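Participant: Please find one structure pasted underneath; my questions will follow.
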Amino acid sequence: VAVAPSDPRVVWVGTGEGCVRNSVSWGDGIYKSTDGGKTFVNMGLRDTHHIARIVTHPTNPDIVYVAAQGHLWGYNPERGVFKTMDGGKTWQKLAGGLPNDDRTGAGDLIMDPANPNVLYASMWERIRKPYVFESGGPNGGLFKSTNGGQTWTKLAGGLPAGPLGKIGLTIHRRNSRILSAIVEAPRSADPAKPSQ
């Protein structure tokens, strides 16, 4: 759920559970209310199945970003980071350096509170099968945009090596240079260097 900071009557709800249990329910996209939650209208992204996060622009309620994980039990193209600039009438799947395949979705997404053009996205390659869950792959990781999602750079300094799985993100409200991430990574072979 996300409320537009500039207009509290505008409420967004993403459907589908963001966890990866074999008993999770999937959704049918994103819903929008313009009357403070009294009524909602489906605004698309129906095949994303699992929306992990919605981020709204602080001053323009028509600009919204969505972190979509995609199908849990199979691969599909409607996964990744999506953006609307017209209040949900149309959506653009962002690429420009982000993984753009049927296997990698967005696990989390945050915006710099001091600069709405700065975004961080965690990308997550994952699929669940009846007896195993595959999490992580070469396309996953942490990405940063400084131009509202047009282009992205993969971050590496200080992050675990190897294919990364799910990454949860948060940013310090007073000092946006401080970013915290909880990272699923391969267990270190060296017991003196535990996995993070």
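Every chain in the structure tokens takes a letter, A first, then B, and so on in the order presented; its residues are numbered from 1, and the ligands are numbered from 1 following the presented order.
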Write down as a PDB file with C-alpha atoms, in the first residue's frame the residues belonging to stretch 17-162 of chain A that are assigned strand (DSSP E or B) by DSSP computed on the backbone.

Facilitator:
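File part_36.pdb, as written:
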ATOM      1  CA  ILE A  30      -2.303  -2.738  -9.047  1.00  0.00           C
ATOM      2  CA  TYR A  31      -5.326  -0.806  -7.823  1.00  0.00           C
ATOM      3  CA  LYS A  32      -5.795   2.944  -7.377  1.00  0.00           C
ATOM      4  CA  SER A  33      -8.181   4.988  -5.254  1.00  0.00           C
ATOM      5  CA  VAL A  41      -9.998   0.723  -9.840  1.00  0.00           C
ATOM      6  CA  ASN A  42      -7.580  -1.803 -11.349  1.00  0.00           C
ATOM      7  CA  ILE A  51       3.996  -6.728  -6.293  1.00  0.00           C
ATOM      8  CA  ALA A  52       6.693  -6.202  -3.679  1.00  0.00           C
ATOM      9  CA  ARG A  53       6.666  -2.409  -3.324  1.00  0.00           C
ATOM     10  CA  ILE A  54       4.998   0.760  -4.627  1.00  0.00           C
ATOM     11  CA  VAL A  55       6.860   4.080  -4.502  1.00  0.00           C
ATOM     12  CA  THR A  56       5.124   7.384  -5.216  1.00  0.00           C
ATOM     13  CA  VAL A  64       4.548   5.968  -9.477  1.00  0.00           C
ATOM     14  CA  TYR A  65       7.093   3.131  -9.493  1.00  0.00           C
ATOM     15  CA  VAL A  66       6.298  -0.550  -8.924  1.00  0.00           C
ATOM     16  CA  ALA A  67       8.620  -3.401  -7.976  1.00  0.00           C
ATOM     17  CA  ALA A  68       7.102  -6.540  -9.521  1.00  0.00           C
ATOM     18  CA  GLY A  80      10.936  -5.898 -12.952  1.00  0.00           C
ATOM     19  CA  VAL A  81      10.499  -2.185 -12.236  1.00  0.00           C
ATOM     20  CA  PHE A  82       7.568  -0.377 -13.835  1.00  0.00           C
ATOM     21  CA  LYS A  83       6.844   3.347 -13.973  1.00  0.00           C
ATOM     22  CA  THR A  84       3.805   5.452 -14.797  1.00  0.00           C
ATOM     23  CA  GLN A  92       6.678   1.461 -18.861  1.00  0.00           C
ATOM     24  CA  LYS A  93       8.954  -1.416 -17.911  1.00  0.00           C
ATOM     25  CA  GLY A  96      18.488   0.958 -19.123  1.00  0.00           C
ATOM     26  CA  LEU A  98      18.325  -3.348 -15.200  1.00  0.00           C
ATOM     27  CA  THR A 104      14.483 -11.654 -12.833  1.00  0.00           C
ATOM     28  CA  GLY A 105      11.979  -9.516 -10.968  1.00  0.00           C
ATOM     29  CA  ALA A 106      12.246  -6.635  -8.525  1.00  0.00           C
ATOM     30  CA  GLY A 107      12.417  -7.690  -4.877  1.00  0.00           C
ATOM     31  CA  ASP A 108      12.382  -4.177  -3.413  1.00  0.00           C
ATOM     32  CA  LEU A 109      12.473  -0.529  -4.441  1.00  0.00           C
ATOM     33  CA  ILE A 110      13.136   2.700  -2.535  1.00  0.00           C
ATOM     34  CA  MET A 111      13.421   6.389  -3.345  1.00  0.00           C
ATOM     35  CA  ASP A 112      15.878   8.881  -1.880  1.00  0.00           C
ATOM     36  CA  ASN A 115      16.000  13.538  -4.285  1.00  0.00           C
ATOM     37  CA  PRO A 116      13.121  11.717  -6.043  1.00  0.00           C
ATOM     38  CA  ASN A 117      15.307  11.105  -9.097  1.00  0.00           C
ATOM     39  CA  VAL A 118      17.501   8.748  -7.064  1.00  0.00           C
ATOM     40  CA  LEU A 119      16.102   5.224  -6.812  1.00  0.00           C
ATOM     41  CA  TYR A 120      17.483   1.909  -5.588  1.00  0.00           C
ATOM     42  CA  ALA A 121      16.115  -1.406  -6.848  1.00  0.00           C
ATOM     43  CA  SER A 122      16.979  -4.920  -5.758  1.00  0.00           C
ATOM     44  CA  MET A 123      16.617  -7.403  -8.578  1.00  0.00           C
ATOM     45  CA  TRP A 124      15.880 -11.029  -7.766  1.00  0.00           C
ATOM     46  CA  GLU A 125      16.084 -14.111  -9.978  1.00  0.00           C
ATOM     47  CA  ARG A 126      13.818 -16.762  -8.516  1.00  0.00           C
ATOM     48  CA  ILE A 127      11.387 -19.582  -9.243  1.00  0.00           C
ATOM     49  CA  ARG A 128       9.525 -22.063  -7.057  1.00  0.00           C
ATOM     50  CA  LYS A 129       9.108 -25.682  -8.087  1.00  0.00           C
ATOM     51  CA  VAL A 132      12.656 -26.916  -4.431  1.00  0.00           C
ATOM     52  CA  PHE A 133      12.952 -23.142  -4.430  1.00  0.00           C
ATOM     53  CA  GLU A 134      15.655 -21.596  -6.611  1.00  0.00           C
ATOM     54  CA  SER A 135      16.698 -18.170  -5.356  1.00  0.00           C
ATOM     55  CA  GLY A 137      21.305 -15.825 -10.052  1.00  0.00           C
ATOM     56  CA  GLY A 141      21.757  -7.563  -7.244  1.00  0.00           C
ATOM     57  CA  LEU A 142      21.410  -3.959  -6.176  1.00  0.00           C
ATOM     58  CA  PHE A 143      20.953  -1.176  -8.748  1.00  0.00           C
ATOM     59  CA  LYS A 144      20.881   2.625  -8.550  1.00  0.00           C
ATOM     60  CA  SER A 145      19.325   5.268 -10.797  1.00  0.00           C
ATOM     61  CA  THR A 153      24.064   1.142 -12.472  1.00  0.00           C
ATOM     62  CA  LYS A 154      24.751  -2.124 -10.653  1.00  0.00           C
ATOM     63  CA  LEU A 155      26.316  -1.570  -7.207  1.00  0.00           C
TER      64      LEU A 155
END

Participant: May I have the residues within 12 Å of A:Arg46 as a PyMOL selection string, using only C-alpha atoms and disregarding those fewer than 5 positions away in the same chain?

Facilitator: chain A and resi 14-16+26-31+51+68+70-71+76-79+91

Participant: Please dump the current selection as a PDB file, in the first residue's frame; keep N, CA and C atoms.

Facilitator:
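Just written: result_27.pdb:
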ATOM      1  N   GLY A  14      -0.914  -2.784  -4.261  1.00  0.00           N
ATOM      2  CA  GLY A  14      -0.379  -3.832  -5.122  1.00  0.00           C
ATOM      3  C   GLY A  14      -0.824  -5.181  -4.608  1.00  0.00           C
ATOM      4  N   THR A  15      -1.240  -6.046  -5.485  1.00  0.00           N
ATOM      5  CA  THR A  15      -1.776  -7.342  -5.067  1.00  0.00           C
ATOM      6  C   THR A  15      -0.738  -8.442  -5.237  1.00  0.00           C
ATOM      7  N   GLY A  16      -0.993  -9.544  -4.543  1.00  0.00           N
ATOM      8  CA  GLY A  16      -0.088 -10.693  -4.564  1.00  0.00           C
ATOM      9  C   GLY A  16       0.908 -10.617  -3.428  1.00  0.00           C
ATOM     10  N   TRP A  26      -1.377 -15.224  -5.493  1.00  0.00           N
ATOM     11  CA  TRP A  26      -0.943 -14.196  -6.428  1.00  0.00           C
ATOM     12  C   TRP A  26      -2.087 -13.229  -6.668  1.00  0.00           C
ATOM     13  N   GLY A  27      -1.747 -12.072  -7.218  1.00  0.00           N
ATOM     14  CA  GLY A  27      -2.735 -11.018  -7.425  1.00  0.00           C
ATOM     15  C   GLY A  27      -3.018 -10.770  -8.888  1.00  0.00           C
ATOM     16  N   ASP A  28      -3.766  -9.717  -9.120  1.00  0.00           N
ATOM     17  CA  ASP A  28      -4.139  -9.339 -10.481  1.00  0.00           C
ATOM     18  C   ASP A  28      -3.764  -7.889 -10.777  1.00  0.00           C
ATOM     19  N   GLY A  29      -2.598  -7.468 -10.277  1.00  0.00           N
ATOM     20  CA  GLY A  29      -2.100  -6.154 -10.642  1.00  0.00           C
ATOM     21  C   GLY A  29      -2.194  -5.123  -9.540  1.00  0.00           C
ATOM     22  N   ILE A  30      -2.328  -3.878  -9.964  1.00  0.00           N
ATOM     23  CA  ILE A  30      -2.303  -2.738  -9.047  1.00  0.00           C
ATOM     24  C   ILE A  30      -3.628  -1.987  -9.102  1.00  0.00           C
ATOM     25  N   TYR A  31      -4.063  -1.534  -7.941  1.00  0.00           N
ATOM     26  CA  TYR A  31      -5.326  -0.806  -7.823  1.00  0.00           C
ATOM     27  C   TYR A  31      -5.064   0.605  -7.326  1.00  0.00           C
ATOM     28  N   ILE A  51       3.443  -8.075  -6.369  1.00  0.00           N
ATOM     29  CA  ILE A  51       3.996  -6.728  -6.293  1.00  0.00           C
ATOM     30  C   ILE A  51       4.633  -6.548  -4.919  1.00  0.00           C
ATOM     31  N   ALA A  68       7.904  -5.348  -9.241  1.00  0.00           N
ATOM     32  CA  ALA A  68       7.102  -6.540  -9.521  1.00  0.00           C
ATOM     33  C   ALA A  68       7.988  -7.775  -9.589  1.00  0.00           C
ATOM     34  N   GLY A  70       6.830 -10.930 -10.526  1.00  0.00           N
ATOM     35  CA  GLY A  70       6.435 -11.845 -11.583  1.00  0.00           C
ATOM     36  C   GLY A  70       5.926 -13.166 -11.031  1.00  0.00           C
ATOM     37  N   HIS A  71       5.658 -14.106 -11.916  1.00  0.00           N
ATOM     38  CA  HIS A  71       5.111 -15.402 -11.526  1.00  0.00           C
ATOM     39  C   HIS A  71       6.066 -16.143 -10.594  1.00  0.00           C
ATOM     40  N   ASN A  76       7.983 -15.263 -16.665  1.00  0.00           N
ATOM     41  CA  ASN A  76       7.128 -14.412 -17.487  1.00  0.00           C
ATOM     42  C   ASN A  76       7.773 -13.043 -17.645  1.00  0.00           C
ATOM     43  N   PRO A  77       7.439 -12.312 -18.712  1.00  0.00           N
ATOM     44  CA  PRO A  77       8.102 -11.027 -18.972  1.00  0.00           C
ATOM     45  C   PRO A  77       7.624  -9.877 -18.093  1.00  0.00           C
ATOM     46  N   GLU A  78       6.471  -9.988 -17.467  1.00  0.00           N
ATOM     47  CA  GLU A  78       5.949  -8.866 -16.686  1.00  0.00           C
ATOM     48  C   GLU A  78       6.496  -8.918 -15.258  1.00  0.00           C
ATOM     49  N   ARG A  79       7.795  -8.716 -15.165  1.00  0.00           N
ATOM     50  CA  ARG A  79       8.496  -8.656 -13.891  1.00  0.00           C
ATOM     51  C   ARG A  79       9.615  -7.628 -14.034  1.00  0.00           C
ATOM     52  N   TRP A  91       1.939   2.150 -18.432  1.00  0.00           N
ATOM     53  CA  TRP A  91       3.094   1.724 -17.645  1.00  0.00           C
ATOM     54  C   TRP A  91       4.252   1.421 -18.570  1.00  0.00           C
TER      55      TRP A  91
END

Participant: So what do you get for atom CA of A:Val20 versus atom CA of A:Asp47, distance-wise?

Facilitator: 16.7 Å

Participant: Considering only C-alpha atoms, return as a PyMOL selection string whatever protein or nucleic-acid residues lie within 7 Å of A:Pro163, sequence-local ones (same chain, fewer than 5 positions apart) excluded.

Facilitator: chain A and resi 136-138+140+185

Participant: Those residues with N, CA, C and O atoms, as a short mmCIF file (atom, residue, chain, number, x, y, z; two decimals), in the first residue's frame please?

Facilitator:
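part23.cif was written with the following content:
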data_model
loop_
_atom_site.label_atom_id
_atom_site.label_comp_id
_atom_site.auth_asym_id
_atom_site.auth_seq_id
_atom_site.Cartn_x
_atom_site.Cartn_y
_atom_site.Cartn_z
N GLY A 136 18.20 -16.64 -6.48
CA GLY A 136 19.49 -16.05 -6.80
C GLY A 136 19.97 -16.45 -8.16
O GLY A 136 19.63 -17.52 -8.68
N GLY A 137 20.75 -15.56 -8.74
CA GLY A 137 21.31 -15.83 -10.05
C GLY A 137 22.18 -14.66 -10.47
O GLY A 137 22.26 -13.64 -9.79
N PRO A 138 22.83 -14.79 -11.63
CA PRO A 138 23.79 -13.78 -12.06
C PRO A 138 23.18 -12.41 -12.35
O PRO A 138 23.88 -11.40 -12.32
N GLY A 140 20.74 -10.94 -10.60
CA GLY A 140 20.26 -10.26 -9.41
C GLY A 140 21.28 -9.29 -8.86
O GLY A 140 22.43 -9.24 -9.29
N ALA A 185 22.74 -14.32 0.30
CA ALA A 185 23.93 -14.61 -0.48
C ALA A 185 24.42 -16.01 -0.17
O ALA A 185 24.07 -16.59 0.86
#

Participant: Measure the distance from atom CA of A:Gly18 to atom CA of A:His49 in Å and round it to one decimal.

Facilitator: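 Separation of atom CA of A:Gly18 and atom CA of A:His49: 9.3 Å.
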
Participant: Please, what distance in Å, to one decimal, runs between atom CA of A:Gly168 and atom CA of A:Gln150?

Facilitator: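 Pair atom CA of A:Gly168 / atom CA of A:Gln150 returns 22.0 Å.
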
Participant: Nearest to A:Met85 among A:Asn100, A:Gly149, A:Ile171, A:Asn22, with distances taken over only C-alpha atoms: which residue is it?

Facilitator: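 For A:Met85, the nearest of the given residues is A:Gly149.
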